[in-house]
Every structure is written in C-alpha cells, then in structure tokens.
$ cat coords.txt   # compact mmCIF, C-alpha atoms
# COMPACT_ATOMS: atom_id res chain seq x y z
CA MET A 1 56.78 132.82 140.90
CA THR A 2 56.50 134.28 137.46
CA ARG A 3 54.57 132.45 134.82
CA ALA A 4 56.59 132.52 131.62
CA ARG A 5 56.01 131.32 128.12
CA VAL A 6 58.77 130.68 125.66
CA LEU A 7 57.74 130.68 122.01
CA VAL A 8 60.15 128.76 119.82
CA ARG A 9 60.01 129.16 116.05
CA PRO A 10 61.96 127.67 113.18
CA LYS A 11 64.46 130.28 112.08
CA ALA A 12 63.41 132.31 109.07
CA GLY A 13 64.88 131.00 105.84
CA ILE A 14 65.17 127.39 107.00
CA LEU A 15 62.74 125.05 105.29
CA ASP A 16 59.88 124.27 107.69
CA PRO A 17 58.15 121.19 106.24
CA GLN A 18 55.57 121.11 109.05
CA GLY A 19 54.48 124.64 108.18
CA VAL A 20 54.34 123.73 104.51
CA ALA A 21 52.21 120.65 105.25
CA VAL A 22 49.73 122.66 107.33
CA GLU A 23 49.61 125.41 104.73
CA ARG A 24 48.72 122.82 102.09
CA ALA A 25 46.15 121.11 104.30
CA LEU A 26 44.07 124.20 105.09
CA PRO A 27 42.84 124.93 101.55
CA ALA A 28 41.85 121.27 101.27
CA LEU A 29 39.41 121.95 104.13
CA GLY A 30 38.04 125.04 102.45
CA PHE A 31 40.15 127.66 104.25
CA SER A 32 41.58 129.97 101.62
CA GLY A 33 43.89 132.95 101.90
CA VAL A 34 46.41 131.40 104.27
CA ALA A 35 50.13 132.00 103.81
CA ASN A 36 53.45 131.82 105.67
CA VAL A 37 52.42 129.06 108.08
CA HIS A 38 55.12 127.99 110.54
CA VAL A 39 54.87 125.42 113.28
CA GLY A 40 56.87 126.00 116.43
CA ARG A 41 56.79 125.04 120.08
CA LEU A 42 55.36 126.59 123.24
CA ILE A 43 57.12 126.01 126.56
CA GLU A 44 55.31 127.17 129.71
CA LEU A 45 57.10 127.39 133.02
CA ASP A 46 56.90 129.01 136.46
CA VAL A 47 60.20 130.57 137.46
CA GLU A 48 61.43 132.23 140.63
CA ASP A 49 64.02 134.28 138.80
CA PRO A 50 62.88 135.40 135.34
CA SER A 51 66.32 136.88 134.66
CA GLN A 52 67.50 133.31 134.14
CA LEU A 53 65.07 132.66 131.31
CA GLN A 54 67.38 133.82 128.55
CA ALA A 55 70.19 131.58 129.77
CA MET A 56 67.76 128.64 130.03
CA CYS A 57 66.73 129.24 126.44
CA GLU A 58 70.26 129.40 125.14
CA LYS A 59 71.52 126.42 127.09
CA LEU A 60 68.64 123.98 126.69
CA LEU A 61 65.22 125.16 125.57
CA VAL A 62 66.29 126.45 122.16
CA ASN A 63 68.92 125.57 119.59
CA PRO A 64 69.83 129.08 118.40
CA LEU A 65 71.34 127.69 115.22
CA ILE A 66 67.95 126.60 113.90
CA GLU A 67 65.40 128.30 116.13
CA ASP A 68 64.37 131.80 117.22
CA TYR A 69 62.66 132.38 120.52
CA GLU A 70 60.61 134.94 122.35
CA ILE A 71 60.09 135.10 126.12
CA LEU A 72 56.72 136.28 127.41
CA GLU A 73 56.43 136.95 131.12
CA ASP A 74 53.19 137.24 133.05
CA ALA A 75 53.86 138.60 136.54
CA SER A 76 50.22 138.24 137.58
CA ALA A 77 50.33 134.44 137.41
CA MET B 1 91.54 98.12 120.75
CA ARG B 2 88.52 98.53 122.98
CA PHE B 3 85.46 100.47 121.83
CA GLY B 4 82.98 101.95 124.30
CA VAL B 5 79.37 102.21 123.14
CA ILE B 6 77.11 104.52 125.11
CA ARG B 7 73.70 103.36 126.26
CA PHE B 8 71.17 106.12 127.01
CA PRO B 9 67.61 105.48 128.11
CA GLY B 10 65.98 105.15 124.69
CA SER B 11 69.04 103.96 122.78
CA CYS B 12 68.19 101.09 120.46
CA ASP B 13 71.23 100.50 118.23
CA GLU B 14 73.88 100.05 120.89
CA THR B 15 73.85 96.26 120.66
CA ASP B 16 74.39 96.30 116.90
CA ALA B 17 77.17 98.85 117.41
CA VAL B 18 78.88 96.51 119.90
CA LEU B 19 78.56 93.61 117.44
CA ALA B 20 80.01 95.75 114.63
CA CYS B 21 82.99 96.75 116.77
CA GLU B 22 83.58 93.12 117.76
CA ARG B 23 83.74 92.11 114.09
CA VAL B 24 86.97 94.07 113.75
CA PRO B 25 89.88 91.67 114.30
CA GLY B 26 91.59 92.32 117.62
CA CYS B 27 88.83 94.59 118.90
CA SER B 28 86.37 94.33 121.74
CA ALA B 29 83.53 96.56 122.83
CA THR B 30 81.86 97.45 126.07
CA LEU B 31 78.67 99.31 126.89
CA LEU B 32 78.96 102.61 128.77
CA TRP B 33 75.98 103.64 130.89
CA HIS B 34 74.84 107.24 130.39
CA GLY B 35 74.77 107.95 134.12
CA ASP B 36 78.36 106.85 134.66
CA ALA B 37 80.94 109.53 133.91
CA ASP B 38 83.73 106.92 133.82
CA LEU B 39 84.71 105.88 130.29
CA HIS B 40 86.47 102.81 131.76
CA GLY B 41 89.62 103.38 129.72
CA VAL B 42 88.12 102.71 126.27
CA ASP B 43 90.15 103.70 123.21
CA ALA B 44 87.24 105.06 121.17
CA VAL B 45 83.64 106.00 121.85
CA VAL B 46 80.56 105.24 119.74
CA VAL B 47 77.42 107.29 120.41
CA PRO B 48 74.74 105.03 118.94
CA GLY B 49 71.35 105.51 117.35
CA GLY B 50 67.99 105.48 119.04
CA PHE B 51 65.79 107.93 120.84
CA SER B 52 67.90 109.09 123.78
CA TYR B 53 65.74 110.49 126.60
CA GLY B 54 62.73 110.03 124.33
CA ASP B 55 64.06 112.73 121.98
CA TYR B 56 62.07 115.14 124.16
CA LEU B 57 62.41 118.87 123.45
CA ARG B 58 64.73 118.33 120.46
CA VAL B 59 66.58 115.25 119.28
CA GLY B 60 69.76 114.88 121.30
CA ALA B 61 69.08 117.96 123.43
CA ILE B 62 68.80 116.25 126.81
CA ALA B 63 71.27 113.40 126.26
CA ARG B 64 73.90 116.03 125.73
CA PHE B 65 73.80 116.84 129.47
CA SER B 66 74.17 113.29 130.74
CA PRO B 67 77.22 112.55 132.94
CA VAL B 68 78.86 110.34 130.32
CA MET B 69 78.73 113.10 127.72
CA GLU B 70 80.82 115.44 129.88
CA SER B 71 83.50 112.75 129.81
CA VAL B 72 83.07 112.22 126.06
CA ILE B 73 83.59 115.94 125.50
CA ALA B 74 86.80 115.85 127.57
CA PHE B 75 87.88 112.65 125.76
CA SER B 76 87.40 114.30 122.36
CA GLU B 77 89.32 117.38 123.44
CA GLU B 78 92.27 115.09 124.15
CA GLY B 79 92.03 113.74 120.60
CA GLY B 80 90.05 110.57 121.34
CA LEU B 81 88.02 109.11 118.46
CA VAL B 82 84.27 109.63 118.79
CA LEU B 83 81.79 108.24 116.26
CA GLY B 84 78.18 109.42 116.43
CA ILE B 85 75.60 107.47 114.45
CA CYS B 86 72.11 108.86 113.73
CA ASN B 87 70.81 109.90 117.17
CA GLY B 88 74.47 109.90 118.23
CA PHE B 89 75.18 112.43 115.46
CA GLN B 90 72.31 114.57 116.75
CA VAL B 91 73.68 114.36 120.30
CA LEU B 92 77.18 115.40 119.16
CA CYS B 93 75.75 118.40 117.29
CA GLU B 94 73.75 119.45 120.35
CA ALA B 95 76.89 119.01 122.49
CA GLY B 96 78.77 121.38 120.20
CA LEU B 97 81.32 118.70 119.25
CA LEU B 98 80.14 118.87 115.65
CA PRO B 99 78.94 121.82 113.57
CA GLY B 100 75.36 122.18 112.38
CA ALA B 101 72.09 120.56 113.36
CA LEU B 102 69.68 117.86 112.18
CA LEU B 103 66.16 118.93 111.21
CA PRO B 104 63.02 116.95 110.40
CA ASN B 105 63.18 115.21 107.02
CA GLU B 106 61.98 117.32 104.14
CA GLY B 107 59.12 114.86 103.54
CA LEU B 108 58.31 114.65 107.28
CA ARG B 109 58.23 110.86 107.07
CA PHE B 110 60.25 108.26 108.90
CA LEU B 111 62.60 106.76 106.34
CA CYS B 112 64.13 103.30 106.39
CA ARG B 113 66.07 102.37 103.29
CA GLN B 114 69.43 101.41 101.88
CA VAL B 115 71.30 104.40 100.41
CA ASP B 116 74.60 104.92 98.64
CA VAL B 117 76.98 107.15 100.51
CA GLU B 118 80.07 108.59 98.84
CA VAL B 119 83.36 108.97 100.69
CA VAL B 120 84.42 112.58 100.14
CA ARG B 121 87.49 112.41 102.35
CA SER B 122 89.47 109.28 103.11
CA SER B 123 92.52 110.89 104.67
CA MET B 124 91.17 110.58 108.20
CA PRO B 125 90.80 108.02 110.98
CA PHE B 126 87.20 107.05 110.18
CA THR B 127 87.55 106.45 106.44
CA ALA B 128 91.22 105.55 105.89
CA ASP B 129 90.22 102.07 104.66
CA CYS B 130 88.12 103.61 101.87
CA PHE B 131 89.26 105.32 98.72
CA PRO B 132 88.06 108.81 97.82
CA GLY B 133 84.83 108.65 95.86
CA GLU B 134 84.09 105.09 97.03
CA ARG B 135 80.38 104.34 97.32
CA LEU B 136 79.22 102.56 100.44
CA SER B 137 75.81 100.94 100.65
CA ILE B 138 74.49 101.68 104.14
CA PRO B 139 70.94 101.94 105.51
CA VAL B 140 69.35 105.09 106.90
CA LYS B 141 66.42 105.02 109.34
CA HIS B 142 65.37 108.32 110.80
CA THR B 143 62.78 111.08 110.96
CA THR B 144 65.15 113.92 111.82
CA GLY B 145 68.11 113.61 109.50
CA ARG B 146 68.15 116.74 107.35
CA TYR B 147 71.59 118.21 107.87
CA TYR B 148 71.67 121.97 108.20
CA ALA B 149 74.42 124.49 108.77
CA PRO B 150 74.17 128.22 108.10
CA PRO B 151 75.55 129.15 104.64
CA ALA B 152 78.85 130.60 105.89
CA GLU B 153 79.47 127.58 108.10
CA LEU B 154 78.63 125.16 105.30
CA GLU B 155 81.14 126.91 103.06
CA SER B 156 83.75 126.64 105.79
CA LEU B 157 83.02 122.91 106.20
CA HIS B 158 83.68 122.37 102.50
CA ALA B 159 86.84 124.49 102.65
CA HIS B 160 88.24 122.57 105.62
CA GLY B 161 87.39 119.11 104.31
CA GLN B 162 84.93 118.51 107.13
CA ILE B 163 82.29 116.97 104.90
CA VAL B 164 83.49 113.38 105.00
CA LEU B 165 80.47 111.56 103.58
CA LYS B 166 77.71 112.65 101.26
CA TYR B 167 74.70 110.92 99.78
CA ALA B 168 75.42 109.79 96.23
CA ALA B 169 73.52 111.61 93.48
CA GLY B 170 69.83 110.72 93.75
CA HIS B 171 70.27 109.12 97.18
CA ASN B 172 69.71 112.11 99.48
CA PRO B 173 66.72 110.82 101.44
CA ASN B 174 65.95 113.77 103.69
CA GLY B 175 66.82 117.08 102.03
CA SER B 176 70.21 117.49 103.72
CA LEU B 177 72.02 120.59 102.46
CA ASP B 178 74.64 119.76 99.82
CA ASP B 179 73.79 116.04 100.27
CA VAL B 180 75.78 115.99 103.52
CA ALA B 181 75.61 112.57 105.19
CA GLY B 182 78.53 112.84 107.62
CA VAL B 183 80.68 115.64 109.04
CA THR B 184 83.75 115.84 111.21
CA ASN B 185 85.11 118.48 113.57
CA GLN B 186 88.11 120.58 112.53
CA ALA B 187 90.53 118.28 114.34
CA GLY B 188 89.11 115.26 112.49
CA ASN B 189 88.69 113.04 115.58
CA VAL B 190 84.89 113.29 115.89
CA LEU B 191 82.60 112.04 113.11
CA GLY B 192 78.82 112.11 112.95
CA LEU B 193 76.71 110.49 110.26
CA MET B 194 73.03 109.73 109.76
CA PRO B 195 73.44 106.38 107.91
CA HIS B 196 74.00 103.31 110.10
CA PRO B 197 77.33 101.60 109.38
CA GLU B 198 76.71 99.21 112.29
CA HIS B 199 73.73 97.76 110.39
CA ALA B 200 75.90 97.10 107.33
CA VAL B 201 78.46 94.60 108.58
CA ASP B 202 77.18 91.35 107.08
CA PRO B 203 76.17 90.39 103.52
CA LEU B 204 73.16 88.64 105.09
CA THR B 205 71.57 92.04 105.71
CA GLY B 206 72.55 93.52 102.36
CA SER B 207 76.01 94.97 102.75
CA ARG B 208 79.16 94.89 104.80
CA ASP B 209 80.37 98.32 103.64
CA GLY B 210 79.72 99.88 107.04
CA LEU B 211 82.42 97.74 108.61
CA LYS B 212 85.03 99.84 106.81
CA LEU B 213 84.44 102.71 109.22
CA PHE B 214 85.11 100.51 112.25
CA LEU B 215 88.14 98.91 110.55
CA SER B 216 89.47 102.38 109.75
CA MET B 217 89.13 103.45 113.37
CA ALA B 218 90.99 100.34 114.53
CA HIS B 219 93.81 100.90 112.04
CA ALA B 220 94.05 104.56 113.07
CA HIS B 221 94.44 103.45 116.65
CA GLY B 222 97.21 101.07 115.60
$ encode --input "coords.txt" --output "structure tokens"
Amino acid sequence: MTRARVLVRPKAGILDPQGVAVERALPALGFSGVANVHVGRLIELDVEDPSQLQAMCEKLLVNPLIEDYEILEDASA
Amino acid sequence: MRFGVIRFPGSCDETDAVLACERVPGCSATLLWHGDADLHGVDAVVVPGGFSYGDYLRVGAIARFSPVMESVIAFSEEGGLVLGICNGFQVLCEAGLLPGALLPNEGLRFLCRQVDVEVVRSSMPFTADCFPGERLSIPVKHTTGRYYAPPAELESLHAHGQIVLKYAAGHNPNGSLDDVAGVTNQAGNVLGLMPHPEHAVDPLTGSRDGLKLFLSMAHAHG
C-alpha cells in the first residue's frame, strides 16, 4: 500500500472567505505579517495502485472547477 | 402530472416539495428513494434541499453517485424536467447537469431569510407562468449558496439565456456572481436555484410566489 495525501486548495482568484477570516483573526491575536491565507482540505488515504489517484481526484475528491489539488505519495508508509 | 421528489439520507425539504407539487391542480407527487434507480414513471423530478449524505467532502459530491441520480441523468438527457432546489441545485452541478458550482457564502454564515428574486427568463418550462422581470418573494436558507462559474462560462450563460433567476438589487445574500439565483442547462429542461420555492406556497408563511414554478412545470407538461 502507498500512503497518499491529497491537498485540495481553493482555486486562485476565487474568493476564499475562510482564508480571509483567518487572515483577519491572526492580527487580533498579536500575529502580524501574515498574508495570502487560504484554507483547503487534506485527504489521506492508503492505495494499492497510486496511478489511480489522479482519476479519483477528478471524479470525486476534487471539483476541478473551483479547486486545485496536489498529490503527495509516500512509498515508505 | 406526477412529480417525483428524491429523498437522500440527509434530505430535509422533500416533504415540503411534495406538498408544493400537490398544490398544483391535477398533480400528485411521490417520493423516490436514493438507492432505487427506478423513477417509477414520474413526469418530472425534484431534487430537494437538505444535507444529502451529510454534505461530506463537498456539498452534493456524494449524492451525485447515488443510483437514483444515474436515472435522473438519463431522464434529463431524454428531455425530462428536473428541478434542483438548494442542495438539489448543488447535486445537479456536481452531476454535471448544470454549469458552475456553489461555494460557501461570502459572509460564511448560515442565512435564512426572505429574498426577492427576479425572473430573467420566462420563456421556459419552469417560469412560463411568470412575466419577465417579475419579482418573486422566496426564502433562502443555506451556508453554501454562492454561485460561481469561470468568467468565460458566465458570459456564455448570459449569452444563451441560461440565467433564469437572479437576486433583485440589494437582495443577493451570499455573494453569488452577477446575482445569479438560478440557472438552467442549454436545453432548458434542468433548472437549479438556491431559493426555496417549495417553502413559498402559502400566504400563511409569507408568500405563495414559489408555487408559480411548480404551476409552470405542470403547464409545460400539458
């Protein structure tokens, strides 16, 4: 089995209100110098055939219209 | 005319949708279970609001693969009328029956309020009983209702008259692009909208404007 992580991000250019809310909250807690905050999703899965990951992303895990994704594989898992 | 209203695990507006359909003279409605691929010969399908499959992953993403949806896709390809309300709209977008996607509200809050919706196009089965520019008072209640389509697609939707309903000026509750409240497919037999016409069928609850959509569908069916 291969341990895989799929990082899903809101597509650049689409308003990401969650990112905006976090970006506004941090200075309120005293953390300055933070910009371009975006909130996405992490999907972890063990797969027998990592070559299927891209198809899984495009069919179910991600909506390519509004999200970008990145597949990270860890063969040692 | 017989409407079929889908019930997914997590649906919550299917009963109101059935009641709305039954208010149309000469019409009846039946519930369709998500796990049953048989549409039982209904003349039109309503995909109702709620939280199908818990809205896990993305709203509508998992419901789209239920057995009944495969049949709804085939039904729509044959020209059958399909109305998606709120979560139903999200499911139809995920299923590729409608263009675009619904994103979290601009303000990130759950919204529940009466809004004015303007009929942009009345020359179609879902709005034939309205006149162009008519304002309908219909409630919205959602967290993920911000309509989005990439700029080129949005332009094409305008050009092809696929934007059927928009929020009236000052009534866009969620940051939807171009105030889009409801869109149709190119063929005009599938409509999705975020406002809930099935909750606006009796003056007792504020408005009966939503009934016009169901009446239109019945008249289109003949």
$ residues_around --input "coords.txt" --residues "Gly133 of chain B" --least-positions-apart "3" --cutoff "12 Å" --atoms "all atoms listed in the file" --output "list of chain:residue names"
B:Asp116, B:Val117, B:Glu118, B:Val119, B:Val120, B:Arg121, B:Ser122, B:Ser123, B:Thr127, B:Cys130, B:Leu136, B:Val164, B:Leu165, B:Lys166, B:Tyr167, B:Ala168, B:Ala169
$ closest_residue --input "coords.txt" --among "B:Cys21, B:Asp43, B:Leu215, B:Leu31" --to "Arg2 of chain B" --atoms "only C-alpha atoms"
B:Asp43
$ interface_residues --input "coords.txt" --of "chain A" --to "chain B" --cutoff "8 Å" --atoms "only C-alpha atoms" --output "ChimeraX atom specification"
/A:15,17-18,60-61,63,65-66
$ residues_around --input "coords.txt" --residues "Thr30 of chain B" --least-positions-apart "5" --cutoff "9 Å" --atoms "only C-alpha atoms" --output "list of chain:residue names"
B:Arg2, B:Phe3, B:Gly4, B:Val5, B:Ile6, B:Val18, B:Val42
$ atom_distance --input "coords.txt" --atom1 "atom CA of Ala37 of chain B" --atom2 "atom CA of Ser71 of chain B"
5.8 Å
$ closest_residue --input "coords.txt" --among "B:Gly41, B:Asp13, B:Leu213, B:Pro67" --to "Phe131 of chain B" --atoms "only C-alpha atoms"
B:Leu213
$ closest_residue --input "coords.txt" --among "A:Arg5, A:Val34, A:Leu53, A:Leu29" --to "Asp74 of chain A" --atoms "all atoms listed in the file"
A:Arg5
$ atom_distance --input "coords.txt" --atom1 "atom CA of Met56 of chain A" --atom2 "atom CA of Leu42 of chain A"
14.3 Å
$ closest_residue --input "coords.txt" --among "B:Asn174, B:Ser28, B:Gln162, B:Asn87" --to "Arg109 of chain B" --atoms "all atoms listed in the file"
B:Asn174
$ residues_near_point --input "coords.txt" --point "(78.7, 117.1, 120.4)" --cutoff "10 Å" --atoms "only C-alpha atoms" --output "list in words"
Val47, Gly60, Arg64, Met69, Glu70, Val72, Ile73, Ser76, Val82, Gly84, Gly88, Phe89, Gln90, Val91, Leu92, Cys93, Glu94, Ala95, Gly96, Leu97, Leu98, Pro99, Asn185, Val190, Leu191 and Gly192 of chain B
$ atom_distance --input "coords.txt" --atom1 "atom CA of Val8 of chain A" --atom2 "atom CA of Gly33 of chain A"
24.6 Å
$ residues_around --input "coords.txt" --residues "segment 43-48 of chain A" --least-positions-apart "4" --cutoff "6 Å" --atoms "all atoms listed in the file" --output "ChimeraX atom specification"
/A:1-6
$ residues_around --input "coords.txt" --residues "Val37 of chain A" --least-positions-apart "4" --cutoff "12 Å" --atoms "all atoms listed in the file" --output "tab-separated table (two decimals) with C-alpha atoms, in the frame of the given file"
chain	number	residue	atom	x	y	z
A	9	ARG	CA	60.01	129.16	116.05
A	10	PRO	CA	61.96	127.67	113.18
A	12	ALA	CA	63.41	132.31	109.07
A	15	LEU	CA	62.74	125.05	105.29
A	16	ASP	CA	59.88	124.27	107.69
A	17	PRO	CA	58.15	121.19	106.24
A	18	GLN	CA	55.57	121.11	109.05
A	19	GLY	CA	54.48	124.64	108.18
A	20	VAL	CA	54.34	123.73	104.51
A	21	ALA	CA	52.21	120.65	105.25
A	22	VAL	CA	49.73	122.66	107.33
A	23	GLU	CA	49.61	125.41	104.73
A	24	ARG	CA	48.72	122.82	102.09
A	25	ALA	CA	46.15	121.11	104.30
A	26	LEU	CA	44.07	124.20	105.09
A	33	GLY	CA	43.89	132.95	101.90
$ closest_residue --input "coords.txt" --among "A:Asp68, A:Gly13, A:Ala28, A:Glu73" --to "Asp49 of chain A" --atoms "all atoms listed in the file"
A:Glu73
$ closest_residue --input "coords.txt" --among "B:Leu39, B:Gly10, B:His199, B:Asp209" --to "Glu134 of chain B" --atoms "only C-alpha atoms"
B:Asp209
